[in-house]
file query.txt (compact mmCIF, C-alpha atoms)
# COMPACT_ATOMS: atom_id res chain seq x y z
CA MET A 1 -44.16 -15.58 15.65
CA MET A 2 -45.75 -12.74 13.67
CA LEU A 3 -42.48 -10.83 13.50
CA ARG A 4 -40.58 -13.87 12.27
CA PHE A 5 -43.30 -14.57 9.71
CA GLU A 6 -43.15 -11.02 8.31
CA ILE A 7 -39.36 -11.15 8.02
CA LYS A 8 -39.60 -14.55 6.36
CA LYS A 9 -42.09 -13.20 3.79
CA VAL A 10 -39.60 -10.49 2.76
CA CYS A 11 -36.57 -12.79 2.65
CA ALA A 12 -38.41 -15.56 0.78
CA LYS A 13 -39.07 -13.37 -2.25
CA THR A 14 -36.78 -14.02 -5.20
CA GLY A 15 -36.42 -10.31 -5.81
CA SER A 16 -35.24 -9.75 -2.24
CA ARG A 17 -32.61 -12.45 -2.51
CA VAL A 18 -31.35 -11.04 -5.79
CA ALA A 19 -31.22 -7.55 -4.26
CA LEU A 20 -29.21 -8.82 -1.29
CA LEU A 21 -26.77 -10.68 -3.54
CA LEU A 22 -26.37 -7.55 -5.67
CA LEU A 23 -25.76 -5.51 -2.53
CA LEU A 24 -23.09 -7.96 -1.38
CA ALA A 25 -21.36 -7.81 -4.76
CA LEU A 26 -21.39 -3.99 -4.80
CA VAL A 27 -20.08 -3.76 -1.23
CA LEU A 28 -17.23 -6.14 -2.06
CA LEU A 29 -16.46 -4.08 -5.18
CA CYS A 30 -16.38 -0.83 -3.18
CA SER A 31 -14.22 -2.53 -0.55
CA PHE A 32 -11.78 -3.58 -3.26
CA PHE A 33 -11.48 -0.04 -4.60
CA ALA A 34 -11.16 1.43 -1.09
CA ALA A 35 -8.41 -1.02 -0.10
CA ASP A 36 -6.51 -0.60 -3.37
CA VAL A 37 -3.59 1.71 -2.50
CA THR A 38 -0.35 2.15 -4.41
CA TYR A 39 3.23 2.25 -3.17
CA ILE A 40 6.24 3.05 -5.34
CA ASP A 41 9.52 1.47 -4.29
CA GLU A 42 12.98 3.02 -4.62
CA ASN A 43 13.35 1.50 -8.11
CA GLY A 44 10.20 3.19 -9.38
CA ASP A 45 8.15 -0.03 -9.42
CA ARG A 46 4.54 0.11 -8.29
CA GLN A 47 2.97 -2.17 -5.69
CA SER A 48 -0.68 -2.37 -4.69
CA GLY A 49 -2.93 -4.02 -2.13
CA PRO A 50 -2.00 -5.07 1.43
CA ALA A 51 1.74 -5.22 0.57
CA ALA A 52 1.64 -1.60 -0.56
CA ALA A 53 -0.29 -0.61 2.58
CA LYS A 54 2.39 -2.22 4.75
CA GLU A 55 5.16 -0.26 3.02
CA LEU A 56 3.20 3.01 3.25
CA ARG A 57 2.54 2.41 6.93
CA ALA A 58 6.25 1.90 7.58
CA ALA A 59 7.23 4.99 5.56
CA ARG A 60 4.72 7.29 7.28
CA ALA A 61 5.43 5.94 10.75
CA LYS A 62 8.73 7.87 10.60
CA TRP A 63 6.75 11.12 10.62
CA ALA A 64 4.28 10.14 13.34
CA GLY A 65 3.80 12.44 16.33
CA PRO A 66 2.81 16.09 16.85
CA ILE A 67 3.02 18.32 13.79
CA ASP A 68 4.91 21.04 15.63
CA GLU A 69 7.16 23.76 14.21
CA LYS A 70 10.20 21.49 14.28
CA LYS A 71 8.45 18.79 12.24
CA ILE A 72 7.12 21.35 9.77
CA ARG A 73 10.66 22.66 9.22
CA LEU A 74 11.89 19.11 8.67
CA ALA A 75 9.04 18.40 6.22
CA ILE A 76 9.78 21.57 4.22
CA ALA A 77 13.50 20.73 4.14
CA GLU A 78 12.84 17.10 3.16
CA ASN A 79 10.47 18.15 0.39
CA ARG A 80 12.96 20.71 -0.98
CA LYS A 81 15.76 18.14 -0.85
CA ILE A 82 13.70 15.70 -2.95
CA ARG A 83 12.60 18.37 -5.45
CA GLU A 84 16.19 19.41 -6.07
CA THR A 85 17.35 15.90 -7.04
CA PRO A 86 18.09 15.05 -10.71
CA GLN A 87 15.33 12.41 -10.57
CA ALA A 88 12.68 14.98 -9.60
CA ARG A 89 13.87 17.40 -12.30
CA SER A 90 14.05 14.71 -14.98
CA THR A 91 11.54 14.50 -17.82
CA ASP A 92 11.59 10.71 -17.59
CA THR A 93 8.50 9.31 -15.87
CA ARG A 94 10.34 6.47 -14.17
CA GLU A 95 12.90 8.86 -12.72
CA ASN A 96 10.04 11.00 -11.41
CA ASP A 97 8.51 7.91 -9.80
CA ILE A 98 11.80 7.19 -8.02
CA ALA A 99 11.84 10.75 -6.66
CA TYR A 100 8.20 10.41 -5.61
CA SER A 101 9.01 7.20 -3.73
CA TRP A 102 11.38 9.12 -1.42
CA GLY A 103 8.60 11.48 -0.36
CA GLN A 104 5.77 9.02 0.30
CA GLY A 105 6.39 9.12 4.03
CA VAL A 106 6.05 12.89 4.24
CA GLN A 107 3.38 13.20 1.51
CA ASN A 108 0.44 13.80 3.88
CA ILE A 109 2.27 16.58 5.72
CA ARG A 110 3.26 18.05 2.36
CA ASP A 111 -0.43 18.14 1.42
CA LEU A 112 -1.17 20.00 4.67
CA LEU A 113 1.49 22.55 3.74
CA ASN A 114 -0.30 23.12 0.44
CA CYS A 115 -3.53 23.78 2.36
CA SER A 116 -1.99 26.04 4.99
CA PHE A 117 0.01 28.22 2.62
CA ALA A 118 -2.63 28.47 -0.11
CA LYS A 119 -3.17 31.88 -1.68
CA SER A 120 -6.82 31.91 -0.60
CA PHE A 121 -9.19 29.83 1.49
CA ARG A 122 -10.65 27.96 -1.49
CA ASP A 123 -7.39 27.66 -3.41
CA TYR A 124 -5.27 24.51 -3.62
CA ASP A 125 -1.95 24.34 -5.44
CA TYR A 126 -0.25 20.94 -5.40
CA TYR A 127 3.16 22.58 -5.93
CA ARG A 128 2.79 25.30 -3.28
CA ALA A 129 4.94 23.36 -0.77
CA ASP A 130 7.86 23.38 -3.21
CA SER A 131 8.27 27.16 -2.85
CA LEU A 132 8.35 27.21 0.98
CA SER A 133 11.34 27.67 3.24
CA GLU A 134 11.90 26.68 6.86
CA ALA A 135 11.27 30.31 7.86
CA ASP A 136 7.59 29.85 6.89
CA ALA A 137 7.04 27.11 9.49
CA PRO A 138 5.79 29.34 12.37
CA CYS A 139 2.79 30.45 10.27
CA PHE A 140 1.49 26.92 9.67
CA TYR A 141 -1.47 27.04 12.09
CA GLU A 142 -1.94 30.81 11.97
CA ASN A 143 -2.62 30.62 8.23
CA ARG A 144 -5.59 28.34 8.79
CA ILE A 145 -7.42 30.99 10.83
CA ARG A 146 -6.23 33.87 8.67
CA LEU A 147 -7.49 32.33 5.43
CA LEU A 148 -10.88 31.59 7.00
CA ARG A 149 -11.19 35.16 8.28
CA GLU A 150 -10.32 36.61 4.86
CA TRP A 151 -12.87 34.33 3.17
CA LEU A 152 -15.62 35.28 5.62
CA GLU A 153 -14.90 38.97 5.07
CA THR A 154 -14.87 38.76 1.26
CA GLU A 155 -16.40 35.89 -0.72
CA ALA A 156 -18.67 34.60 2.06
CA SER A 157 -19.57 37.95 3.59
CA ASP A 158 -23.29 37.53 2.70
CA GLN A 159 -23.44 33.80 3.37
CA PHE A 160 -23.24 33.93 7.18
CA SER A 161 -24.53 36.19 9.92
CA ASP A 162 -22.05 37.93 12.24
CA SER A 163 -22.70 35.39 15.01
CA GLU A 164 -22.14 32.51 12.60
CA LYS A 165 -18.86 34.03 11.44
CA GLN A 166 -17.72 34.41 15.03
CA TYR A 167 -18.74 30.80 15.70
CA LEU A 168 -16.63 29.49 12.82
CA LEU A 169 -13.61 31.59 13.80
CA ALA A 170 -13.94 30.54 17.44
CA SER A 171 -14.15 26.88 16.39
CA TYR A 172 -10.93 27.25 14.42
CA ALA A 173 -9.16 29.09 17.22
CA ALA A 174 -10.28 26.58 19.87
CA LEU A 175 -8.86 23.59 18.02
CA GLU A 176 -5.96 22.13 19.96
CA THR A 177 -2.57 22.41 18.23
CA PRO A 178 -0.16 21.01 17.27
CA PHE A 179 -2.10 18.27 15.52
CA ASP A 180 -1.17 14.70 16.32
CA TYR A 181 -0.25 12.78 13.18
CA ALA A 182 -0.04 9.06 12.41
CA TYR A 183 -0.66 6.71 9.52
CA MET A 184 -4.41 6.97 8.88
CA ASP A 185 -4.84 5.76 5.30
CA GLY A 186 -7.17 2.95 6.36
CA PHE A 187 -9.74 5.38 7.71
CA THR A 188 -9.32 8.03 5.01
CA ARG A 189 -9.86 5.44 2.28
CA LEU A 190 -12.85 4.04 4.17
CA PHE A 191 -14.37 7.53 4.42
CA GLU A 192 -13.85 8.10 0.70
CA TYR A 193 -16.16 5.26 -0.34
CA SER A 194 -18.51 5.18 2.67
CA PRO A 195 -21.15 7.50 1.08
CA THR A 196 -21.36 5.17 -1.93
CA VAL A 197 -21.68 2.07 0.25
CA ILE A 198 -24.32 3.62 2.51
CA MET A 199 -26.40 5.03 -0.35
CA ILE A 200 -26.38 1.70 -2.19
CA THR A 201 -27.44 0.00 1.03
CA MET A 202 -30.27 2.51 1.49
CA LEU A 203 -31.62 1.92 -2.02
CA VAL A 204 -31.60 -1.86 -1.53
CA LEU A 205 -33.28 -1.48 1.87
CA SER A 206 -36.00 0.66 0.33
CA TYR A 207 -36.73 -2.15 -2.11
CA LEU A 208 -36.84 -4.74 0.69
CA VAL A 209 -39.27 -2.82 2.92
CA ALA A 210 -41.41 -1.29 0.16
CA GLY A 211 -43.72 -4.29 -0.08
CA ILE A 212 -44.18 -5.03 3.62
CA PHE A 213 -47.41 -3.02 3.85
CA SER A 214 -48.59 -3.27 0.26
CA ASN A 215 -48.18 -7.00 -0.30
CA GLU A 216 -51.54 -7.85 1.27
CA PHE A 217 -53.26 -5.81 -1.42
CA SER A 218 -51.21 -7.10 -4.35
CA TRP A 219 -51.85 -10.67 -3.14
CA LYS A 220 -55.58 -9.91 -2.66
CA SER A 221 -55.36 -11.10 0.95
CA ASP A 222 -56.17 -7.78 2.60
CA ALA A 223 -59.74 -8.81 3.52
CA ILE A 224 -58.45 -11.84 5.42
CA PHE A 225 -55.63 -9.87 7.05
CA PHE A 226 -57.78 -7.03 8.40
CA SER A 227 -60.69 -9.22 9.47
CA SER A 228 -58.48 -11.54 11.56
CA LEU A 229 -58.31 -11.27 15.35
CA HIS A 230 -55.00 -9.35 15.45
CA GLY A 231 -55.15 -7.95 11.91
CA ARG A 232 -55.32 -4.31 13.00
CA GLY A 233 -53.21 -4.71 16.12
CA LYS A 234 -50.30 -7.08 16.63
CA ALA A 235 -50.06 -7.94 12.94
CA VAL A 236 -49.59 -4.29 11.95
CA ARG A 237 -47.00 -3.74 14.67
CA ALA A 238 -45.21 -6.89 13.51
CA LYS A 239 -44.95 -5.46 10.00
CA ALA A 240 -43.39 -2.23 11.27
CA ALA A 241 -41.03 -4.13 13.55
CA ALA A 242 -40.04 -6.45 10.69
CA GLY A 243 -39.07 -3.47 8.57
CA LEU A 244 -36.92 -2.01 11.34
CA CYS A 245 -35.28 -5.38 12.03
CA ILE A 246 -34.44 -5.87 8.36
CA VAL A 247 -32.97 -2.36 8.09
CA THR A 248 -30.90 -2.86 11.24
CA ALA A 249 -29.60 -6.32 10.33
CA VAL A 250 -28.72 -5.50 6.72
CA TYR A 251 -27.20 -2.09 7.46
CA TRP A 252 -24.89 -3.27 10.23
CA ALA A 253 -23.91 -6.39 8.31
CA VAL A 254 -22.89 -4.22 5.36
CA ILE A 255 -21.07 -1.50 7.33
CA LEU A 256 -19.18 -3.99 9.50
CA LEU A 257 -18.19 -6.09 6.48
CA TYR A 258 -17.00 -3.01 4.59
CA SER A 259 -15.11 -1.64 7.61
CA ALA A 260 -13.49 -4.99 8.39
CA ILE A 261 -12.22 -5.50 4.83
CA VAL A 262 -10.78 -1.99 4.45
CA LEU A 263 -9.25 -1.69 7.92
CA LEU A 264 -7.82 -5.22 7.91
CA CYS A 265 -6.17 -4.56 4.55
CA LEU A 266 -4.94 -1.03 5.22
CA GLY A 267 -4.71 -0.85 9.00
CA ALA A 268 -6.79 0.93 11.62
CA GLY A 269 -4.14 3.36 12.86
CA GLY A 270 -4.62 7.09 13.33
CA SER A 271 -8.00 6.98 15.08
CA GLN A 272 -6.70 9.34 17.80
CA CYS A 273 -5.63 12.03 15.32
CA PRO A 274 -7.82 15.10 14.69
CA VAL A 275 -9.60 15.00 11.35
CA GLN A 276 -7.77 18.20 10.38
CA ALA A 277 -4.49 16.23 10.30
CA TYR A 278 -5.68 14.85 6.96
CA TRP A 279 -5.52 17.39 4.17
CA GLY A 280 -9.02 16.53 2.88
CA SER A 281 -10.51 17.70 6.20
CA TRP A 282 -8.04 20.52 6.92
CA LYS A 283 -10.87 23.08 6.81
CA CYS A 284 -13.30 21.09 8.98
CA PHE A 285 -14.52 23.19 11.95
CA TYR A 286 -15.73 20.26 14.06
CA PRO A 287 -13.25 19.41 16.89
CA ILE A 288 -13.34 15.63 16.41
CA THR A 289 -10.84 12.82 15.91
CA ILE A 290 -10.66 10.31 13.08
CA GLY A 291 -12.19 7.67 15.36
CA GLN A 292 -15.06 9.96 16.32
CA LYS A 293 -15.65 10.75 12.67
CA TYR A 294 -15.97 7.02 11.97
CA VAL A 295 -18.61 6.73 14.70
CA LEU A 296 -20.53 9.70 13.26
CA VAL A 297 -20.34 8.24 9.75
CA VAL A 298 -21.76 4.83 10.68
CA LEU A 299 -24.38 6.20 13.10
CA GLY A 300 -25.41 8.89 10.63
CA GLY A 301 -25.88 6.26 7.94
CA TYR A 302 -27.95 4.16 10.33
CA VAL A 303 -30.23 7.03 11.37
CA GLY A 304 -30.60 8.05 7.72
CA CYS A 305 -31.48 4.52 6.63
CA LEU A 306 -34.00 4.14 9.45
CA PHE A 307 -35.71 7.44 8.61
CA LEU A 308 -35.84 6.87 4.85
CA SER A 309 -37.01 3.27 5.30
CA CYS A 310 -39.80 4.46 7.60
CA MET A 311 -40.81 7.07 5.03
CA CYS A 312 -40.87 4.31 2.45
CA MET A 313 -43.11 2.15 4.66
CA LEU A 314 -45.39 5.10 5.44
CA VAL A 315 -45.99 5.75 1.74
CA SER A 316 -46.53 2.03 1.22
CA ALA A 317 -49.09 1.91 4.04
CA LYS A 318 -50.87 5.02 2.74
CA THR A 319 -50.90 4.31 -1.02
CA LYS A 320 -50.84 0.47 -0.93
CA SER A 321 -48.22 0.69 -3.70
CA ALA A 322 -44.70 -0.72 -3.47
CA VAL A 323 -43.71 1.15 -6.64
CA LEU A 324 -44.58 4.57 -5.25
CA SER A 325 -42.97 3.86 -1.89
CA VAL A 326 -39.68 2.70 -3.37
CA LEU A 327 -39.41 6.02 -5.23
CA VAL A 328 -39.31 8.02 -1.99
CA PRO A 329 -35.63 7.36 -1.15
CA PHE A 330 -34.61 8.04 -4.75
CA VAL A 331 -36.30 11.45 -4.62
CA LEU A 332 -34.94 12.40 -1.19
CA VAL A 333 -31.40 11.22 -2.02
CA PHE A 334 -30.95 12.48 -5.57
CA VAL A 335 -33.04 15.68 -5.77
CA PRO A 336 -30.52 17.61 -3.57
CA SER A 337 -27.87 17.09 -6.24
CA PHE A 338 -30.03 19.07 -8.67
CA LEU A 339 -30.84 21.78 -6.12
CA GLY A 340 -27.10 22.17 -5.54
CA ASN A 341 -26.82 23.86 -8.94
CA ILE A 342 -28.83 26.80 -7.60
CA ASN A 343 -26.42 29.43 -6.30
CA SER A 344 -28.36 30.69 -3.29
CA PRO A 345 -27.42 30.82 0.42
CA LEU A 346 -31.01 29.89 1.34
CA VAL A 347 -31.00 26.83 -0.91
CA ALA A 348 -27.62 25.82 0.51
CA LYS A 349 -29.08 26.06 4.03
CA ILE A 350 -32.01 23.83 3.04
CA ILE A 351 -29.80 21.26 1.33
CA GLY A 352 -27.61 21.07 4.42
CA LEU A 353 -30.55 19.72 6.45
CA LEU A 354 -31.94 17.19 3.96
CA PRO A 355 -31.77 13.50 4.96
CA ASP A 356 -29.23 12.58 2.27
CA GLN A 357 -26.63 14.44 4.36
CA LEU A 358 -26.84 11.68 6.98
CA LEU A 359 -25.91 9.12 4.34
CA GLN A 360 -22.71 11.04 3.55
CA VAL A 361 -21.55 12.37 6.91
CA SER A 362 -17.92 11.90 5.88
CA VAL A 363 -18.51 14.62 3.27
CA SER A 364 -21.00 16.73 5.24
CA LEU A 365 -18.47 17.26 8.04
CA ASP A 366 -16.34 19.30 5.64
CA TYR A 367 -19.21 21.60 4.63
CA PHE A 368 -19.68 25.01 6.26
CA ASN A 369 -23.35 24.44 7.07
CA VAL A 370 -24.17 26.36 10.26
CA TYR A 371 -27.56 27.41 11.63
CA THR A 372 -28.78 29.84 14.26
CA VAL A 373 -31.45 28.30 16.51
CA ALA A 374 -32.89 30.31 19.41
CA GLY A 375 -29.92 32.67 19.30
CA ARG A 376 -27.34 29.87 19.35
CA VAL A 377 -25.22 28.71 16.43
CA PHE A 378 -24.92 25.01 15.61
CA GLY A 379 -23.19 22.96 12.95
CA ALA A 380 -25.45 20.93 10.67
CA ILE A 381 -24.35 17.51 11.96
CA PRO A 382 -25.85 17.68 15.48
CA LEU A 383 -29.03 19.20 14.04
CA LEU A 384 -29.33 16.38 11.50
CA PHE A 385 -29.06 13.74 14.22
CA ALA A 386 -31.59 15.54 16.43
CA LEU A 387 -34.07 16.26 13.62
CA TYR A 388 -34.15 12.88 11.91
CA GLY A 389 -33.71 10.97 15.14
CA ALA A 390 -36.91 12.60 16.42
CA LEU A 391 -38.74 12.05 13.12
CA PHE A 392 -37.73 8.39 13.11
CA VAL A 393 -39.16 7.91 16.61
CA ALA A 394 -42.45 9.48 15.49
CA LEU A 395 -42.84 7.55 12.23
CA PRO A 396 -43.48 3.91 13.34
CA PRO A 397 -46.59 4.82 15.39
CA LEU A 398 -47.81 6.93 12.47
CA ILE A 399 -47.24 4.02 10.06
CA CYS A 400 -49.21 1.64 12.28
CA ARG A 401 -52.02 4.15 12.74
CA THR A 402 -52.24 4.78 9.00
CA TYR A 403 -52.35 1.08 8.14
CA ARG A 404 -54.90 0.21 10.83
CA ARG A 405 -57.37 2.66 9.29
CA THR A 406 -57.15 1.05 5.88
CA GLY A 407 -60.58 0.12 4.54
CA ILE A 408 -61.31 -3.25 2.98
call {"tool": "encode", "arguments": {"input": "query.txt", "output": "structure tokens"}}
result
Amino acid sequence: MMLRFEIKKVCAKTGSRVALLLLLALVLLCSFFAADVTYIDENGDRQSGPAAAKELRAARAKWAGPIDEKKIRLAIAENRKIRETPQARSTDTRENDIAYSWGQGVQNIRDLLNCSFAKSFRDYDYYRADSLSEADAPCFYENRIRLLREWLETEASDQFSDSEKQYLLASYAALETPFDYAYMDGFTRLFEYSPTVIMITMLVLSYLVAGIFSNEFSWKSDAIFFSSLHGRGKAVRAKAAAGLCIVTAVYWAVILLYSAIVLLCLGAGGSQCPVQAYWGSWKCFYPITIGQKYVLVVLGGYVGCLFLSCMCMLVSAKTKSAVLSVLVPFVLVFVPSFLGNINSPLVAKIIGLLPDQLLQVSVSLDYFNVYTVAGRVFGAIPLLFALYGALFVALPPLICRTYRRTGI
């Protein structure tokens, strides 16, 4: 009864209802942008939406399967064939669009060629694939390790310890090749907008839970609350549980709605492919698949929202102010963006372990944040889950203890 009453108090507020409606509108807007893909037909006309996704899926299905040396040779030959056509060489935009339409099926593999044969680890030249020949195909996977090694020995020589460098190189070398490839645009588009969706959700959640522990003081009912039979016991635990229930219900409703819209519109294929089969994650050192990345993204967002919401409730319980508590997530989420302007390996290490990284796991997976703990090297992602998972478990009892000791 107490739990239901506390949840009802939050949901009955006009501000909470407005916040939830705003969240729904923003999630639908992000879903629209994520599901909005473009396909150019053989006449140079553009299509968008689910119809375009269907055409792209059919075009890229022809290139599905292992990206072995044979397929790389075929991709290089196909790309050169298209680039040598009059349409590709024309100065007319429509003619260029017609030439582009012929290469939409192989476009993702072409992007991988640009990554593999880049001049340096941090370089990307969109036209690099146009200068390749079939004889370059055997170096496709070797280049990935070579470029990393050169970067670690030159530009990043002071950024990592010797053991961390060996860890990164070993992670690259241990990755199973050839990569399996399939149409994966549904997931890649979902990952592109997931940090925005999760951060917006977190900010709305912070507003919803900010008043759970401070409302009794703003309503001048704190004397009645704390002098009641269960005021410092069950009632306090009910408040903490209400906050966690609200966070859980809203977060999963948002993430499942967003995922359903994007994947139903664009398709859910490619979950078995390694993340490195998409050019945006070509440099990722984590040996995970697209499907596993999705799980990490949604669970990371959930752990991050739980931790930040608990911090918000702790400040609310301590200060009795909803205004101060709602500022906590803003500070923890947006301050790292300012610290990122400081060019320092130490600052980069600190930023890599801040809670905002859990809200954007789809981006964090592509960062080279590694840490040495007790002589062993770890990537940032498992450390983030372990650190903030443990902190989240410790916070609810602390919140209850803090609130129980409040004086009247």
call {"tool": "closest_residue", "arguments": {"input": "query.txt", "among": "A:Ala52, A:Thr201, A:Val27, A:Ser90", "to": "Leu257 (chain A)", "atoms": "all atoms listed in the file"}}
result
A:Val27
call {"tool": "closest_residue", "arguments": {"input": "query.txt", "among": "A:Leu263, A:Val363, A:Cys273, A:Val373", "to": "Ile67 (chain A)", "atoms": "only C-alpha atoms"}}
result
A:Cys273
call {"tool": "closest_residue", "arguments": {"input": "query.txt", "among": "A:Leu296, A:Cys284, A:Gly304, A:Leu205", "to": "Val326 (chain A)", "atoms": "only C-alpha atoms"}}
result
A:Leu205
call {"tool": "residues_around", "arguments": {"input": "query.txt", "residues": "region 345-350 of chain A", "least_positions_apart": "6", "cutoff": "8 Å", "atoms": "all atoms listed in the file", "output": "number ranges by chain"}}
result
A: 159, 339, 369-371
call {"tool": "write_last_selection", "arguments": {"input": "query.txt", "atoms": "C-alpha atoms", "output": "PDB file, in the frame of the given file"}}
result
ATOM      1  CA  GLN A 159     -23.440  33.800   3.370  1.00  0.00           C
ATOM      2  CA  LEU A 339     -30.840  21.780  -6.120  1.00  0.00           C
ATOM      3  CA  ASN A 369     -23.350  24.440   7.070  1.00  0.00           C
ATOM      4  CA  VAL A 370     -24.170  26.360  10.260  1.00  0.00           C
ATOM      5  CA  TYR A 371     -27.560  27.410  11.630  1.00  0.00           C
TER       6      TYR A 371
END
call {"tool": "closest_residue", "arguments": {"input": "query.txt", "among": "A:Asp180, A:Glu192, A:Asp41, A:Glu142", "to": "Gly65 (chain A)", "atoms": "all atoms listed in the file"}}
result
A:Asp180
call {"tool": "closest_residue", "arguments": {"input": "query.txt", "among": "A:Asp111, A:Asp162, A:Glu6, A:Glu95", "to": "Asp45 (chain A)", "atoms": "only C-alpha atoms"}}
result
A:Glu95
call {"tool": "atom_distance", "arguments": {"input": "query.txt", "atom1": "CA of Asp125 (chain A)", "atom2": "CA of Phe187 (chain A)"}}
result
24.4 Å
call {"tool": "residues_near_point", "arguments": {"input": "query.txt", "point": "(-36.3, -13.3, 1.0)", "cutoff": "12 Å", "atoms": "only C-alpha atoms", "output": "list of chain:residue names"}}
result
A:Phe5, A:Glu6, A:Ile7, A:Lys8, A:Lys9, A:Val10, A:Cys11, A:Ala12, A:Lys13, A:Thr14, A:Gly15, A:Ser16, A:Arg17, A:Val18, A:Ala19, A:Leu20, A:Leu21, A:Tyr207, A:Leu208, A:Val209, A:Gly211, A:Ile212, A:Ile246
call {"tool": "residues_near_point", "arguments": {"input": "query.txt", "point": "(-18.6, 2.7, 5.5)", "cutoff": "9 Å", "atoms": "only C-alpha atoms", "output": "PyMOL selection string"}}
result
chain A and resi 190-198+254-259+294+297-298+301
call {"tool": "atom_distance", "arguments": {"input": "query.txt", "atom1": "CA of Trp102 (chain A)", "atom2": "CA of Leu56 (chain A)"}}
result
11.2 Å
call {"tool": "atom_distance", "arguments": {"input": "query.txt", "atom1": "CA of Ile290 (chain A)", "atom2": "CA of Val275 (chain A)"}}
result
5.1 Å
call {"tool": "residues_around", "arguments": {"input": "query.txt", "residues": "Val303 (chain A)", "least_positions_apart": "4", "cutoff": "9 Å", "atoms": "only C-alpha atoms", "output": "PyMOL selection string"}}
result
chain A and resi 298-299+307-308+358-359+385+388-389+392
call {"tool": "residues_around", "arguments": {"input": "query.txt", "residues": "Val37 (chain A)", "least_positions_apart": "6", "cutoff": "10 Å", "atoms": "all atoms listed in the file", "output": "PyMOL selection string"}}
result
chain A and resi 47-53+56+185-186+189+265-266
call {"tool": "closest_residue", "arguments": {"input": "query.txt", "among": "A:Glu176, A:Phe140, A:Met202, A:Arg60", "to": "Pro287 (chain A)", "atoms": "all atoms listed in the file"}}
result
A:Glu176
call {"tool": "residues_around", "arguments": {"input": "query.txt", "residues": "Tyr183 (chain A)", "least_positions_apart": "2", "cutoff": "8 Å", "atoms": "all atoms listed in the file", "output": "PyMOL selection string"}}
result
chain A and resi 57+60-61+64+181+185+269-270
